[in-house]
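J.: Dropping in query.txt, with compact mmCIF, C-alpha atoms and all ligand atoms.
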```txt
# COMPACT_ATOMS: atom_id res chain seq x y z
CA MET A 1 11.41 -13.49 87.48
CA GLU A 2 10.86 -15.99 84.70
CA LEU A 3 7.74 -18.13 84.84
CA THR A 4 9.11 -20.73 82.45
CA GLY A 5 9.24 -24.27 83.74
CA ILE A 6 6.46 -23.72 86.27
CA ARG A 7 3.29 -25.76 85.78
CA PHE A 8 -0.19 -24.67 86.77
CA LEU A 9 -3.20 -26.73 87.87
CA ASP A 10 -4.52 -27.52 84.40
CA GLU A 11 -1.15 -29.04 83.48
CA LEU A 12 -1.10 -31.52 86.38
CA ALA A 13 -2.56 -35.03 86.26
CA VAL A 14 -4.30 -35.42 89.62
CA GLU A 15 -7.18 -37.83 89.03
CA ASN A 16 -7.32 -40.47 91.74
CA ARG A 17 -3.82 -39.49 92.92
CA PRO A 18 -2.88 -38.31 96.42
CA VAL A 19 -2.13 -34.58 96.19
CA PHE A 20 -0.35 -32.55 98.88
CA CYS A 21 -1.51 -28.96 98.63
CA ARG A 22 0.33 -26.37 100.73
CA VAL A 23 -2.22 -23.66 101.56
CA ASP A 24 -2.20 -20.57 103.76
CA PHE A 25 -4.69 -21.24 106.57
CA ASN A 26 -2.76 -18.97 108.95
CA VAL A 27 -6.01 -17.39 110.18
CA PRO A 28 -6.90 -15.55 113.39
CA LEU A 29 -8.73 -17.80 115.89
CA ASP A 30 -11.21 -17.09 118.69
CA GLY A 31 -10.64 -20.15 120.83
CA LYS A 32 -11.81 -23.01 118.65
CA ARG A 33 -13.47 -20.80 116.03
CA VAL A 34 -12.02 -19.09 112.95
CA ARG A 35 -12.47 -15.33 113.46
CA ASP A 36 -11.73 -14.31 109.86
CA ASP A 37 -11.95 -16.97 107.15
CA ALA A 38 -10.68 -14.78 104.26
CA ARG A 39 -7.63 -16.98 103.73
CA ILE A 40 -9.71 -20.17 103.70
CA GLN A 41 -12.06 -18.53 101.20
CA GLY A 42 -9.00 -17.51 99.19
CA ALA A 43 -7.91 -21.13 98.84
CA LEU A 44 -11.36 -22.33 97.70
CA PRO A 45 -10.84 -21.94 93.93
CA THR A 46 -7.80 -24.23 94.05
CA ILE A 47 -9.50 -26.70 96.40
CA LEU A 48 -12.60 -26.84 94.19
CA ALA A 49 -10.55 -27.26 91.02
CA LEU A 50 -8.50 -30.13 92.48
CA ARG A 51 -11.57 -31.82 93.95
CA GLN A 52 -13.41 -31.45 90.63
CA ALA A 53 -10.44 -33.04 88.84
CA GLY A 54 -10.76 -36.08 91.11
CA ALA A 55 -7.71 -35.53 93.31
CA ARG A 56 -7.38 -37.26 96.66
CA LEU A 57 -6.69 -33.89 98.19
CA VAL A 58 -4.79 -33.24 101.41
CA LEU A 59 -4.27 -29.66 102.64
CA ALA A 60 -1.41 -28.57 104.89
CA SER A 61 -0.58 -25.22 106.48
CA HIS A 62 1.11 -23.53 109.37
CA LEU A 63 -0.87 -21.45 111.86
CA GLY A 64 0.71 -18.93 114.23
CA ARG A 65 3.97 -19.50 116.04
CA PRO A 66 3.63 -22.51 118.31
CA LYS A 67 6.73 -22.78 120.50
CA GLY A 68 8.60 -26.04 120.40
CA GLY A 69 5.87 -28.57 119.59
CA ALA A 70 2.16 -29.41 119.53
CA ASP A 71 -0.02 -26.76 121.19
CA PRO A 72 -3.83 -27.13 120.96
CA ALA A 73 -4.20 -23.31 120.86
CA PHE A 74 -2.69 -23.42 117.33
CA SER A 75 -4.56 -26.45 116.01
CA LEU A 76 -5.79 -26.41 112.41
CA GLU A 77 -8.93 -28.31 113.40
CA PRO A 78 -11.04 -25.09 113.45
CA CYS A 79 -9.93 -24.48 109.84
CA ALA A 80 -11.04 -27.98 108.84
CA THR A 81 -14.40 -27.34 110.52
CA ARG A 82 -14.83 -24.01 108.71
CA LEU A 83 -13.81 -25.55 105.38
CA ALA A 84 -16.39 -28.32 105.88
CA GLU A 85 -19.06 -25.61 106.31
CA LEU A 86 -17.91 -23.71 103.23
CA LEU A 87 -17.79 -26.83 101.05
CA ASP A 88 -20.85 -28.36 102.69
CA ASP A 89 -18.94 -31.61 102.75
CA GLU A 90 -17.20 -33.90 105.18
CA ILE A 91 -13.53 -32.99 105.72
CA ARG A 92 -11.24 -35.50 107.37
CA PHE A 93 -8.71 -34.22 109.86
CA ALA A 94 -5.38 -35.81 110.78
CA ASP A 95 -4.03 -34.92 114.23
CA ASP A 96 -0.46 -34.80 112.90
CA CYS A 97 1.07 -33.89 109.54
CA VAL A 98 3.39 -36.94 109.28
CA GLY A 99 3.37 -40.57 110.40
CA GLU A 100 1.25 -43.73 110.32
CA GLY A 101 -2.05 -41.92 110.83
CA VAL A 102 -1.48 -39.73 107.76
CA MET A 103 -0.36 -42.73 105.68
CA ARG A 104 -3.61 -44.54 106.54
CA LEU A 105 -5.78 -41.47 105.98
CA VAL A 106 -4.31 -40.87 102.54
CA LYS A 107 -4.62 -44.52 101.57
CA ASP A 108 -8.34 -44.54 102.45
CA LEU A 109 -9.16 -41.12 100.97
CA PRO A 110 -11.52 -41.46 97.98
CA ALA A 111 -11.03 -39.45 94.77
CA GLY A 112 -12.68 -36.02 95.06
CA SER A 113 -12.39 -35.99 98.87
CA VAL A 114 -10.55 -33.48 101.02
CA ALA A 115 -8.54 -33.85 104.23
CA VAL A 116 -6.66 -31.34 106.39
CA LEU A 117 -3.43 -32.08 108.28
CA GLU A 118 -2.50 -30.70 111.70
CA ASN A 119 -0.29 -27.58 111.94
CA LEU A 120 3.05 -28.11 110.17
CA ARG A 121 4.82 -25.98 112.79
CA PHE A 122 4.04 -28.49 115.53
CA HIS A 123 7.32 -29.91 114.21
CA PRO A 124 10.22 -27.45 114.65
CA ALA A 125 11.81 -29.29 111.68
CA GLU A 126 9.29 -27.55 109.37
CA LYS A 127 10.83 -24.09 109.78
CA LYS A 128 14.33 -25.52 109.55
CA GLY A 129 13.57 -27.07 106.17
CA ASP A 130 14.83 -30.34 107.63
CA PRO A 131 15.36 -32.97 104.87
CA ASP A 132 14.34 -35.99 106.97
CA PHE A 133 11.09 -34.33 108.01
CA ALA A 134 10.55 -33.24 104.40
CA ARG A 135 10.90 -36.84 103.19
CA LEU A 136 8.30 -38.00 105.73
CA LEU A 137 5.92 -35.21 104.67
CA ALA A 138 6.27 -36.14 101.00
CA GLN A 139 6.02 -39.91 101.49
CA PRO A 140 2.24 -40.49 101.11
CA PHE A 141 1.87 -38.24 98.06
CA GLN A 142 2.34 -38.29 94.27
CA VAL A 143 1.62 -34.67 93.38
CA TYR A 144 2.69 -31.39 95.08
CA VAL A 145 0.78 -28.11 94.74
CA ASN A 146 1.83 -24.80 96.30
CA ASP A 147 -0.93 -22.27 96.87
CA ALA A 148 0.62 -20.43 99.84
CA PHE A 149 2.19 -17.35 98.28
CA GLY A 150 2.69 -15.54 101.62
CA THR A 151 5.23 -18.17 102.70
CA CYS A 152 7.07 -18.52 99.37
CA HIS A 153 10.04 -16.46 100.61
CA ARG A 154 10.76 -19.12 103.24
CA ALA A 155 12.66 -22.35 102.55
CA ASP A 156 10.51 -24.29 105.05
CA ALA A 157 10.23 -28.07 104.61
CA SER A 158 6.66 -27.89 103.20
CA MET A 159 7.54 -24.96 100.91
CA TYR A 160 10.90 -26.04 99.58
CA THR A 161 12.74 -29.13 100.84
CA MET A 162 9.92 -31.65 100.32
CA VAL A 163 9.34 -30.54 96.73
CA GLN A 164 12.49 -32.37 95.60
CA HIS A 165 10.60 -35.66 95.99
CA PHE A 166 8.06 -34.78 93.28
CA GLN A 167 8.13 -34.98 89.49
CA ASP A 168 4.56 -33.70 89.36
CA LYS A 169 4.50 -30.29 91.03
CA GLY A 170 2.90 -26.96 90.32
CA ALA A 171 1.38 -23.69 91.45
CA GLY A 172 -2.22 -23.30 92.61
CA LEU A 173 -4.54 -20.58 91.37
CA LEU A 174 -3.66 -18.04 94.08
CA VAL A 175 0.06 -18.37 93.44
CA GLN A 176 -0.54 -18.25 89.68
CA ARG A 177 -2.41 -14.96 90.03
CA GLU A 178 0.35 -13.49 92.21
CA LEU A 179 3.00 -14.48 89.69
CA GLU A 180 1.01 -12.98 86.83
CA PHE A 181 0.34 -9.61 88.47
CA LEU A 182 3.61 -9.15 90.32
CA GLY A 183 5.46 -10.51 87.29
CA ARG A 184 3.89 -7.84 85.12
CA LEU A 185 5.38 -5.12 87.36
CA LEU A 186 8.85 -6.48 86.70
CA ALA A 187 8.50 -7.54 83.07
CA ASN A 188 7.04 -4.70 81.06
CA PRO A 189 4.71 -2.48 83.02
CA GLN A 190 2.50 -0.05 81.15
CA ARG A 191 4.14 3.40 81.57
CA PRO A 192 4.21 5.63 83.45
CA PHE A 193 4.94 3.10 86.17
CA LEU A 194 4.23 4.71 89.52
CA ALA A 195 5.14 3.30 92.94
CA VAL A 196 3.76 4.53 96.24
CA LEU A 197 5.61 3.61 99.40
CA GLY A 198 4.82 4.27 103.02
CA GLY A 199 4.78 2.43 106.31
CA ALA A 200 6.88 2.55 109.37
CA LYS A 201 10.54 2.29 108.48
CA VAL A 202 13.00 2.95 105.67
CA SER A 203 15.14 0.12 107.04
CA ASP A 204 12.34 -2.45 106.43
CA LYS A 205 12.22 -1.62 102.76
CA ILE A 206 15.63 -0.47 101.55
CA GLY A 207 15.91 -3.21 98.93
CA VAL A 208 12.44 -2.45 97.63
CA ILE A 209 13.02 1.31 97.46
CA ARG A 210 16.24 0.77 95.53
CA SER A 211 14.65 -1.70 93.12
CA LEU A 212 11.65 0.56 92.54
CA ILE A 213 13.84 3.61 91.90
CA GLU A 214 15.49 1.58 89.16
CA ARG A 215 12.27 0.29 87.64
CA CYS A 216 9.61 2.96 87.94
CA ASP A 217 9.07 6.44 86.48
CA ALA A 218 7.93 8.08 89.69
CA LEU A 219 8.09 7.13 93.35
CA LEU A 220 5.74 8.73 95.90
CA ILE A 221 6.80 8.36 99.51
CA GLY A 222 4.68 8.95 102.61
CA GLY A 223 4.35 7.32 106.02
CA ALA A 224 7.02 7.47 108.68
CA MET A 225 9.76 6.56 106.19
CA ALA A 226 9.27 9.95 104.52
CA TYR A 227 10.67 11.73 107.59
CA THR A 228 14.03 10.03 107.36
CA LEU A 229 14.25 11.13 103.72
CA LEU A 230 13.07 14.71 104.46
CA LYS A 231 15.57 14.97 107.31
CA ALA A 232 18.32 13.73 104.96
CA LYS A 233 17.43 16.66 102.69
CA GLY A 234 17.93 19.02 105.63
CA ILE A 235 14.26 19.67 106.33
CA GLU A 236 13.14 20.06 109.96
CA VAL A 237 10.79 17.20 110.90
CA GLY A 238 10.33 17.90 114.64
CA LYS A 239 9.56 14.85 116.75
CA SER A 240 8.58 12.63 113.79
CA LEU A 241 9.94 9.10 113.63
CA VAL A 242 13.42 9.33 112.08
CA GLU A 243 15.96 6.54 111.74
CA THR A 244 19.05 8.57 112.47
CA ASP A 245 21.39 5.70 111.59
CA LYS A 246 19.84 5.55 108.11
CA LEU A 247 20.41 9.17 107.04
CA ASP A 248 23.45 8.34 104.88
CA LEU A 249 21.51 5.59 103.23
CA ALA A 250 18.60 7.97 102.66
CA ARG A 251 20.97 10.41 100.93
CA GLU A 252 22.26 7.59 98.77
CA LEU A 253 18.70 6.69 97.74
CA LEU A 254 17.94 10.33 96.92
CA SER A 255 20.97 10.56 94.68
CA LEU A 256 20.18 7.22 93.04
CA ALA A 257 16.74 8.62 92.12
CA ASP A 258 18.52 11.67 90.73
CA SER A 259 20.91 9.73 88.56
CA ARG A 260 18.17 7.37 87.35
CA ARG A 261 15.94 10.36 86.58
CA THR A 262 13.18 8.79 88.67
CA GLU A 263 10.87 11.45 89.96
CA LEU A 264 10.76 11.19 93.76
CA LEU A 265 7.86 12.94 95.47
CA LEU A 266 7.93 13.53 99.23
CA PRO A 267 5.18 15.07 101.39
CA SER A 268 4.98 18.87 101.15
CA ASP A 269 2.64 19.23 104.14
CA HIS A 270 1.69 17.06 107.11
CA VAL A 271 -0.94 16.34 109.71
CA VAL A 272 0.95 16.75 112.99
CA ALA A 273 0.33 16.40 116.72
CA PRO A 274 2.48 16.53 119.86
CA SER A 275 1.95 12.76 120.25
CA LEU A 276 -0.11 9.88 118.90
CA GLU A 277 -2.38 10.17 121.92
CA SER A 278 -3.33 13.83 121.43
CA ASP A 279 -6.83 14.47 120.18
CA THR A 280 -6.08 17.80 118.53
CA VAL A 281 -4.11 17.89 115.33
CA MET A 282 -2.72 20.58 113.07
CA VAL A 283 -1.86 20.83 109.39
CA THR A 284 1.53 22.37 108.58
CA GLU A 285 1.94 25.18 106.03
CA GLY A 286 4.83 23.50 104.25
CA ALA A 287 7.24 20.59 104.54
CA GLU A 288 8.80 21.77 107.84
CA ILE A 289 7.42 20.42 111.12
CA PRO A 290 7.57 22.43 114.40
CA VAL A 291 10.07 21.00 116.90
CA ASP A 292 7.38 20.02 119.42
CA GLN A 293 5.22 18.15 116.87
CA ALA A 294 5.42 14.84 115.01
CA GLY A 295 4.01 13.98 111.58
CA PHE A 296 1.43 11.20 111.56
CA ASP A 297 -0.15 11.65 108.13
CA VAL A 298 0.40 13.48 104.85
CA GLY A 299 -1.45 16.80 104.51
CA PRO A 300 -4.16 17.90 102.03
CA GLN A 301 -1.74 19.53 99.58
CA THR A 302 0.30 16.33 99.44
CA ILE A 303 -2.87 14.30 98.91
CA GLU A 304 -3.71 16.53 95.96
CA ARG A 305 -0.23 16.22 94.40
CA PHE A 306 -0.15 12.45 94.92
CA THR A 307 -3.72 11.95 93.63
CA GLN A 308 -2.94 13.86 90.48
CA LYS A 309 0.14 11.71 89.83
CA VAL A 310 -1.86 8.52 90.38
CA GLY A 311 -4.40 9.73 87.82
CA GLN A 312 -1.72 9.82 85.11
CA ALA A 313 -0.21 6.40 85.77
CA GLY A 314 -0.36 3.33 83.53
CA THR A 315 0.73 0.95 86.29
CA ILE A 316 0.65 1.45 90.06
CA PHE A 317 2.29 -0.49 92.87
CA TRP A 318 1.46 0.51 96.45
CA ASN A 319 3.02 -0.72 99.65
CA GLY A 320 2.75 0.88 103.08
CA PRO A 321 0.12 3.23 104.58
CA LEU A 322 0.80 6.98 104.20
CA GLY A 323 -0.01 7.64 107.85
CA VAL A 324 -1.10 6.03 111.10
CA PHE A 325 -4.31 4.87 109.42
CA GLU A 326 -5.34 2.82 112.47
CA LYS A 327 -6.36 6.16 114.04
CA ASP A 328 -9.22 8.12 112.45
CA LEU A 329 -7.35 11.41 112.88
CA PHE A 330 -4.50 10.15 110.71
CA ARG A 331 -6.21 8.03 108.09
CA ALA A 332 -7.08 10.66 105.45
CA GLY A 333 -3.87 10.25 103.43
CA THR A 334 -4.09 6.48 103.26
CA HIS A 335 -7.81 6.57 102.49
CA ALA A 336 -7.30 9.15 99.73
CA MET A 337 -4.55 7.02 98.19
CA ALA A 338 -6.77 3.92 98.25
CA GLU A 339 -9.54 5.94 96.61
CA ALA A 340 -7.24 7.45 93.98
CA ILE A 341 -5.92 4.02 93.02
CA ALA A 342 -9.46 2.57 92.99
CA ASN A 343 -10.53 5.36 90.61
CA SER A 344 -7.57 4.92 88.31
CA PRO A 345 -7.87 2.82 85.14
CA ALA A 346 -4.22 1.73 85.58
CA VAL A 347 -3.20 -1.83 86.42
CA SER A 348 -2.90 -1.58 90.20
CA VAL A 349 -1.21 -3.89 92.66
CA VAL A 350 -1.24 -3.46 96.44
CA GLY A 351 1.19 -5.45 98.59
CA GLY A 352 1.77 -5.57 102.33
CA GLY A 353 -0.38 -6.69 105.24
CA ASP A 354 -1.22 -3.26 106.62
CA SER A 355 -1.74 -1.74 103.18
CA ALA A 356 -4.14 -4.53 102.21
CA ALA A 357 -5.98 -4.01 105.51
CA ALA A 358 -6.20 -0.25 104.82
CA VAL A 359 -7.64 -0.84 101.34
CA LYS A 360 -10.15 -3.29 102.78
CA LYS A 361 -11.12 -0.88 105.57
CA ALA A 362 -11.71 1.83 102.95
CA GLY A 363 -13.87 -0.62 100.98
CA PHE A 364 -11.88 -0.48 97.73
CA THR A 365 -10.49 -4.02 97.46
CA ASP A 366 -12.73 -4.87 94.48
CA ARG A 367 -11.52 -1.86 92.51
CA ILE A 368 -7.81 -2.70 92.75
CA SER A 369 -6.53 -5.03 90.00
CA HIS A 370 -4.70 -7.21 92.50
CA VAL A 371 -4.29 -7.15 96.28
CA SER A 372 -1.39 -9.43 97.08
CA THR A 373 -1.84 -12.06 99.78
CA GLY A 374 1.84 -11.99 100.63
CA GLY A 375 3.46 -9.13 102.56
CA GLY A 376 7.12 -10.08 102.81
CA ALA A 377 6.93 -12.41 99.81
CA SER A 378 5.55 -9.74 97.48
CA LEU A 379 8.23 -7.26 98.56
CA GLU A 380 11.03 -9.78 97.98
CA PHE A 381 9.53 -10.54 94.58
CA ILE A 382 9.48 -6.83 93.66
CA GLU A 383 13.09 -6.58 94.81
CA GLY A 384 13.89 -9.16 92.14
CA LYS A 385 14.97 -11.79 94.68
CA SER A 386 14.17 -15.39 93.88
CA LEU A 387 11.65 -17.00 96.21
CA PRO A 388 12.52 -20.55 97.40
CA GLY A 389 8.87 -21.67 97.22
CA ILE A 390 8.66 -20.61 93.57
CA GLU A 391 12.12 -21.84 92.54
CA ALA A 392 11.29 -25.29 93.94
CA LEU A 393 8.42 -25.57 91.44
CA ARG A 394 10.63 -25.17 88.39
CA ALA A 395 11.27 -28.25 86.28
CA GLY A 396 14.80 -29.46 86.89
CA HIS A 397 15.48 -27.18 89.89
CA GLN A 398 18.59 -28.40 91.74
CA PHE A 399 17.89 -28.74 95.46
P1 LIG B 1 2.77 -3.01 105.24
O1 LIG B 1 2.32 -4.01 106.27
O2 LIG B 1 1.65 -2.62 104.32
O3 LIG B 1 4.01 -3.45 104.51
P2 LIG B 1 4.25 -1.47 107.20
O4 LIG B 1 4.13 -2.62 108.14
O5 LIG B 1 5.55 -1.16 106.62
O6 LIG B 1 3.14 -1.65 106.03
O7 LIG B 1 3.78 -0.14 107.93
C1 LIG B 1 2.53 0.01 108.52
C2 LIG B 1 2.61 0.84 109.76
O8 LIG B 1 3.23 2.09 109.53
C3 LIG B 1 1.23 1.14 110.30
O9 LIG B 1 1.07 0.50 111.56
C4 LIG B 1 1.20 2.66 110.43
O10 LIG B 1 0.59 3.11 111.63
C5 LIG B 1 2.67 3.02 110.43
N1 LIG B 1 2.89 4.41 110.04
C6 LIG B 1 2.56 4.99 108.87
N2 LIG B 1 2.85 6.30 108.89
C7 LIG B 1 3.38 6.56 110.10
C8 LIG B 1 3.89 7.75 110.75
N3 LIG B 1 3.89 8.91 110.11
N4 LIG B 1 4.37 7.62 112.00
C9 LIG B 1 4.35 6.44 112.64
N5 LIG B 1 3.89 5.30 112.09
C10 LIG B 1 3.41 5.35 110.85
MG MG B 2 3.06 -4.44 108.26
```
If you took the structure in this file and wrote it as structure tokens, what would it be?
Ligand code: ADP
Ligand code: MG

T.:
Amino acid sequence: MELTGIRFLDELAVENRPVFCRVDFNVPLDGKRVRDDARIQGALPTILALRQAGARLVLASHLGRPKGGADPAFSLEPCATRLAELLDDEIRFADDCVGEGVMRLVKDLPAGSVAVLENLRFHPAEKKGDPDFARLLAQPFQVYVNDAFGTCHRADASMYTMVQHFQDKGAGLLVQRELEFLGRLLANPQRPFLAVLGGAKVSDKIGVIRSLIERCDALLIGGAMAYTLLKAKGIEVGKSLVETDKLDLARELLSLADSRRTELLLPSDHVVAPSLESDTVMVTEGAEIPVDQAGFDVGPQTIERFTQKVGQAGTIFWNGPLGVFEKDLFRAGTHAMAEAIANSPAVSVVGGGDSAAAVKKAGFTDRISHVSTGGGASLEFIEGKSLPGIEALRAGHQF
């Protein structure tokens, strides 16, 4: 993806102008309190920079999946309260994201002040990218900033449709960082370029697997998706999760790797159990799994092979846990991968909600070059798809 034609914060004139900044405040709530403020903290650099530059700054976000209209359980007010604490400043809150109240609030907002709008998804028109709603959203503002990377693969009104009303538009610091790191994976990664994939299903990630086979030097696969590929190679995988309707596709991916000369490493041993609930586990001797057992993690020999590969890489991209890391009995593979990547001097990028959580749980977030804030968005980016939220920012983009 080209970054040409996209402006960043330091290229936008914001002083004393009303700025609409789309952030990701989609945080977990405990009643009226924010349970985990990581995403609010993540937006702080952009908020501080815009406030410092004298913007009349208004933040907007979605939160959760309110059904069909305003629902106090999904209010953004707790986010405004938490932001006020973090900034040690007064934050104004508008109880809707469009309308008279917002017009007045923006008009009265002094330069260097910050306000938060109510949940965008209280209007079903937001998710539909509705043009009339988008026009109303844009109306009070002169500048548009997108700092919500995790939603950039959606053509929602606040991400895409409303942007057509702005000459002055750009990416915030979080989005800029995502574009720089993810962009490097596509443009000219330091070789060998190694990708590690895991997670639940092959079918979730077909496009990504294909794209990575074409781009990288070696692909390591673990997690449940490995069993569909092993089965496609004729290896017995017992009761492990297999997508039987994806076996042909798995064979096609194996032969694509062959013809592209991309080294494809699959697990050569496994941690198995009769079911996820059993409290005794076994390690297999080789790649085969007994018929009454299922694989829930990669085994020690696989960890060693994978770790060694990671140690030789110039660039690493990781998406998807190598086992059921939520359970202590099956977290060794995922933990070892997080540790191997943390120890590697390579440029490393981790994408995916569960993968990022696994890295955090293992305590290695600070030793990874970049942990992406966008699950679906980062995967679509790696696939080489264009993201509506990013395309909208380009100068001269035709809506
Ligand atoms: P991400 O969110 O990082 O993209 P996914 O959502 O694709 O990752 O996959 C994460 C899920 O995959 C986890 O809940 C994990 O328990 C599950 N998983 C990994 N390995 C296995 C396995 N062998 N069997 C069943 N589930 C697995
Ligand atoms: Mg997930």

J.: Under the rule that only C-alpha atoms are counted, which of A:Leu9, A:Leu265, A:Leu393, A:Ala294 is the nearest residue to A:Val237?

T.: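 When distances to A:Val237 are compared using only C-alpha atoms, the smallest one comes from A:Ala294.
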
J.: Name the residues in contact with stretch 97-111 of chain A at a cut-off of 9 Å, using all atoms listed in the file, excluding same-chain residues fewer than 2 positions from it; report them as a PyMOL selection string.

T.: chain A and resi 15-18+51+53-58+60+92-95+113-120+122-123+133+136-141

J.: Give the answer as one residue: which of A:Leu173, A:Leu220, A:Ala346, A:Val27 has the shortest atom-to-atom distance to A:Thr302, using all atoms listed in the file?

T.: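 Of A:Leu173, A:Leu220, A:Ala346, A:Val27, the one nearest A:Thr302 is A:Leu220, counting all atoms listed in the file.
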
J.: Just want the 7 Å neighbourhood of A:His153, counted on all atoms listed in the file, with same-chain residues fewer than 4 positions away dropped. Output as a list of chain:residue names.

T.: A:Ala377, A:Leu387, A:Pro388, A:Gly389

J.: For a quick check of understanding, using all atoms listed in the file, which of A:Asp328, A:Asp245, A:Glu252, A:Glu85 has the smallest distance to A:Val271?

T.: A:Asp328
